[in-house]
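Worksheet for the structure shown next.
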Amino acid sequence: MPGGQVHWTLVFTAASLEHLAERNVEASDIVGAVYGQHGAARVRRSGKGTRERWFVVAPLEDGGELLTCVFRAALPRDLQAEGAFVVSSEGLPEPPGQFDSSMRLCVSARMADPDEVRNYRRWRDSKGDR
(Lines give C-alpha, C1' and ligand atoms only; values in the text may rest on other atoms or scores of the structure.)
Protein backbone atom coordinates (compact mmCIF):
# COMPACT_ATOMS: atom_id res chain seq x y z
CA MET A 1 0.00 0.00 0.00
CA PRO A 2 1.94 3.05 -1.19
CA GLY A 3 2.17 5.77 1.43
CA GLY A 4 0.07 3.76 3.86
CA GLN A 5 -3.11 4.45 1.88
CA VAL A 6 -5.86 1.83 1.77
CA HIS A 7 -8.98 1.95 -0.34
CA TRP A 8 -11.00 -0.68 1.43
CA THR A 9 -14.61 -0.64 2.42
CA LEU A 10 -14.62 -1.69 6.07
CA VAL A 11 -17.28 -4.10 7.29
CA PHE A 12 -18.43 -4.35 10.90
CA THR A 13 -21.00 -6.71 12.40
CA ALA A 14 -22.58 -6.83 15.85
CA ALA A 15 -20.20 -9.68 16.73
CA SER A 16 -17.11 -7.77 15.56
CA LEU A 17 -18.21 -4.65 17.47
CA GLU A 18 -18.72 -6.73 20.61
CA HIS A 19 -15.23 -8.20 20.20
CA LEU A 20 -13.77 -4.70 19.81
CA ALA A 21 -15.70 -3.40 22.85
CA GLU A 22 -14.10 -6.14 24.98
CA ARG A 23 -10.76 -4.53 24.06
CA ASN A 24 -12.00 -0.96 24.61
CA VAL A 25 -11.75 -0.18 20.90
CA GLU A 26 -14.51 1.50 18.89
CA ALA A 27 -15.27 1.27 15.19
CA SER A 28 -14.34 4.96 14.85
CA ASP A 29 -10.85 4.12 16.20
CA ILE A 30 -10.46 1.48 13.49
CA VAL A 31 -11.67 3.84 10.77
CA GLY A 32 -9.29 6.59 11.89
CA ALA A 33 -6.33 4.22 11.99
CA VAL A 34 -6.98 2.44 8.70
CA TYR A 35 -7.70 5.59 6.70
CA GLY A 36 -4.68 7.38 8.16
CA GLN A 37 -6.49 10.20 9.95
CA HIS A 38 -3.68 10.48 12.52
CA GLY A 39 -0.70 9.29 10.47
CA ALA A 40 0.24 6.74 7.86
CA ALA A 41 -1.01 3.20 8.26
CA ARG A 42 1.44 0.34 7.85
CA VAL A 43 -0.26 -2.59 6.15
CA ARG A 44 1.15 -6.10 6.06
CA ARG A 45 -0.44 -9.16 4.50
CA SER A 46 -0.11 -12.75 5.66
CA GLY A 47 -1.54 -16.09 4.58
CA LYS A 48 -3.25 -17.23 1.40
CA GLY A 49 -6.78 -17.90 0.28
CA THR A 50 -9.35 -18.02 3.05
CA ARG A 51 -6.57 -17.67 5.65
CA GLU A 52 -5.30 -14.38 4.21
CA ARG A 53 -5.20 -11.56 6.77
CA TRP A 54 -4.18 -7.92 6.68
CA PHE A 55 -2.49 -6.34 9.68
CA VAL A 56 -2.70 -2.58 10.01
CA VAL A 57 -0.62 -0.63 12.52
CA ALA A 58 -1.38 3.07 12.76
CA PRO A 59 -1.61 5.91 15.26
CA LEU A 60 -4.80 5.94 17.27
CA GLU A 61 -4.66 9.70 17.63
CA ASP A 62 -2.15 12.47 16.90
CA GLY A 63 1.10 11.63 18.66
CA GLY A 64 -0.66 8.97 20.70
CA GLU A 65 -0.57 5.24 20.97
CA LEU A 66 -0.59 2.83 18.04
CA LEU A 67 -3.45 0.50 17.23
CA THR A 68 -3.04 -2.90 15.57
CA CYS A 69 -6.03 -4.08 13.54
CA VAL A 70 -6.57 -7.45 11.87
CA PHE A 71 -8.79 -7.84 8.80
CA ARG A 72 -9.90 -10.64 6.52
CA ALA A 73 -11.64 -10.42 3.19
CA ALA A 74 -15.34 -9.89 3.81
CA LEU A 75 -17.81 -12.46 2.55
CA PRO A 76 -21.33 -11.84 1.28
CA ARG A 77 -22.69 -13.47 4.46
CA ASP A 78 -20.91 -10.81 6.55
CA LEU A 79 -23.12 -8.14 4.98
CA GLN A 80 -26.18 -10.11 6.03
CA ALA A 81 -25.02 -10.60 9.63
CA GLU A 82 -26.82 -8.95 12.52
CA GLY A 83 -25.96 -5.29 12.93
CA ALA A 84 -23.80 -5.20 9.81
CA PHE A 85 -22.72 -1.87 8.39
CA VAL A 86 -19.93 -0.66 6.14
CA VAL A 87 -17.64 2.35 6.20
CA SER A 88 -16.53 3.61 2.81
CA SER A 89 -12.98 4.72 2.10
CA GLU A 90 -14.30 8.28 2.57
CA GLY A 91 -15.02 7.31 6.19
CA LEU A 92 -18.81 7.40 5.84
CA PRO A 93 -20.85 4.70 7.61
CA GLU A 94 -23.71 3.28 5.59
CA PRO A 95 -25.94 0.22 5.52
CA PRO A 96 -24.50 -2.80 3.72
CA GLY A 97 -25.00 -2.51 -0.01
CA GLN A 98 -23.69 -4.60 -2.82
CA PHE A 99 -20.77 -6.87 -1.98
CA ASP A 100 -17.42 -6.14 -3.66
CA SER A 101 -13.86 -7.41 -3.38
CA SER A 102 -12.57 -4.27 -1.63
CA MET A 103 -14.48 -5.13 1.54
CA ARG A 104 -12.55 -6.14 4.65
CA LEU A 105 -14.09 -7.41 7.88
CA CYS A 106 -12.45 -6.17 11.06
CA VAL A 107 -11.58 -9.36 12.93
CA SER A 108 -9.77 -7.85 15.89
CA ALA A 109 -7.91 -4.81 17.21
CA ARG A 110 -5.80 -3.94 20.20
CA MET A 111 -3.19 -1.48 21.34
CA ALA A 112 0.08 -2.23 19.57
CA ASP A 113 2.69 -4.14 21.55
CA PRO A 114 6.24 -2.77 21.96
CA ASP A 115 7.65 -4.77 19.03
CA GLU A 116 4.95 -3.45 16.69
CA VAL A 117 5.61 0.10 17.89
CA ARG A 118 9.35 -0.25 17.18
CA ASN A 119 8.70 -1.77 13.75
CA TYR A 120 6.19 0.95 12.87
CA ARG A 121 8.58 3.73 13.90
CA ARG A 122 11.41 2.12 11.93
CA TRP A 123 9.08 1.85 8.92
CA ARG A 124 8.03 5.52 9.25
CA ASP A 125 11.66 6.62 9.55
CA SER A 126 12.46 4.75 6.33
CA LYS A 127 9.74 6.75 4.52
CA GLY A 128 11.33 10.13 5.25
CA ASP A 129 8.93 13.07 4.86
CA ARG A 130 6.22 11.13 3.04
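Every chain in the C-alpha coordinates has a letter given in the order shown (A, B, ...), and although residue numbers restart at 1 in each chain, ligands are simply numbered from 1 in the order shown.
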
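Those residues that approach Val6 in chain A to within 10 Å, counting only C-alpha atoms, are Met1, Val34, Tyr35, Gly36, Ala40, Ala41, Arg42, Val43, Val56, Ser89 and Ser102 of chain A; same-chain residues fewer than 5 positions away are not listed.
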
Can you list, as a ChimeraX atom specification, all residues belonging to chain A that DSSP tags as helix (DSSP H, G or I)? /A:2-4,14-22,27-34,49-51,76-79,114-127

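Among A:Leu20, A:Cys106, A:Leu66, A:Leu10, the residue with the shortest atom-to-atom distance to Pro93 in chain A, counting only C-alpha atoms, is A:Leu10.
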
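Atom to atom, CA of Leu67 in chain A and CA of Arg44 in chain A stand 13.8 Å apart.
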
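A straight line drawn from CA of Asp78 in chain A to CA of Gly47 in chain A is 20.2 Å long.
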
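Of the residues under consideration (A:His19, A:Gly39, A:Thr50, A:Phe55), A:Phe55 shows the shortest atom-to-atom contact distance to Ala112 in chain A when counting only C-alpha atoms.
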
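Reported to one decimal place, the separation of CA of Arg45 in chain A from CA of Leu79 in chain A is 22.7 Å.
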
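The neighbours of Phe85 in chain A here are the residues that come within 12 Å of it, using only C-alpha atoms and leaving out any residue fewer than 5 positions away in the same chain; they are Thr9, Leu10, Val11, Phe12, Thr13, Ala14, Ala15, Ser16, Leu17, Ala27, Ala74, Asp78, Leu79, Gln80, Leu92, Pro93, Glu94, Pro95, Pro96, Gly97, Gln98, Phe99, Met103, Arg104, Leu105 and Cys106 of chain A.
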
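Distance annotation: of A:Leu75, A:Cys69, A:Ile30, A:Leu60, the residue with the minimal separation from Val87 in chain A is A:Ile30; atom set is only C-alpha atoms.
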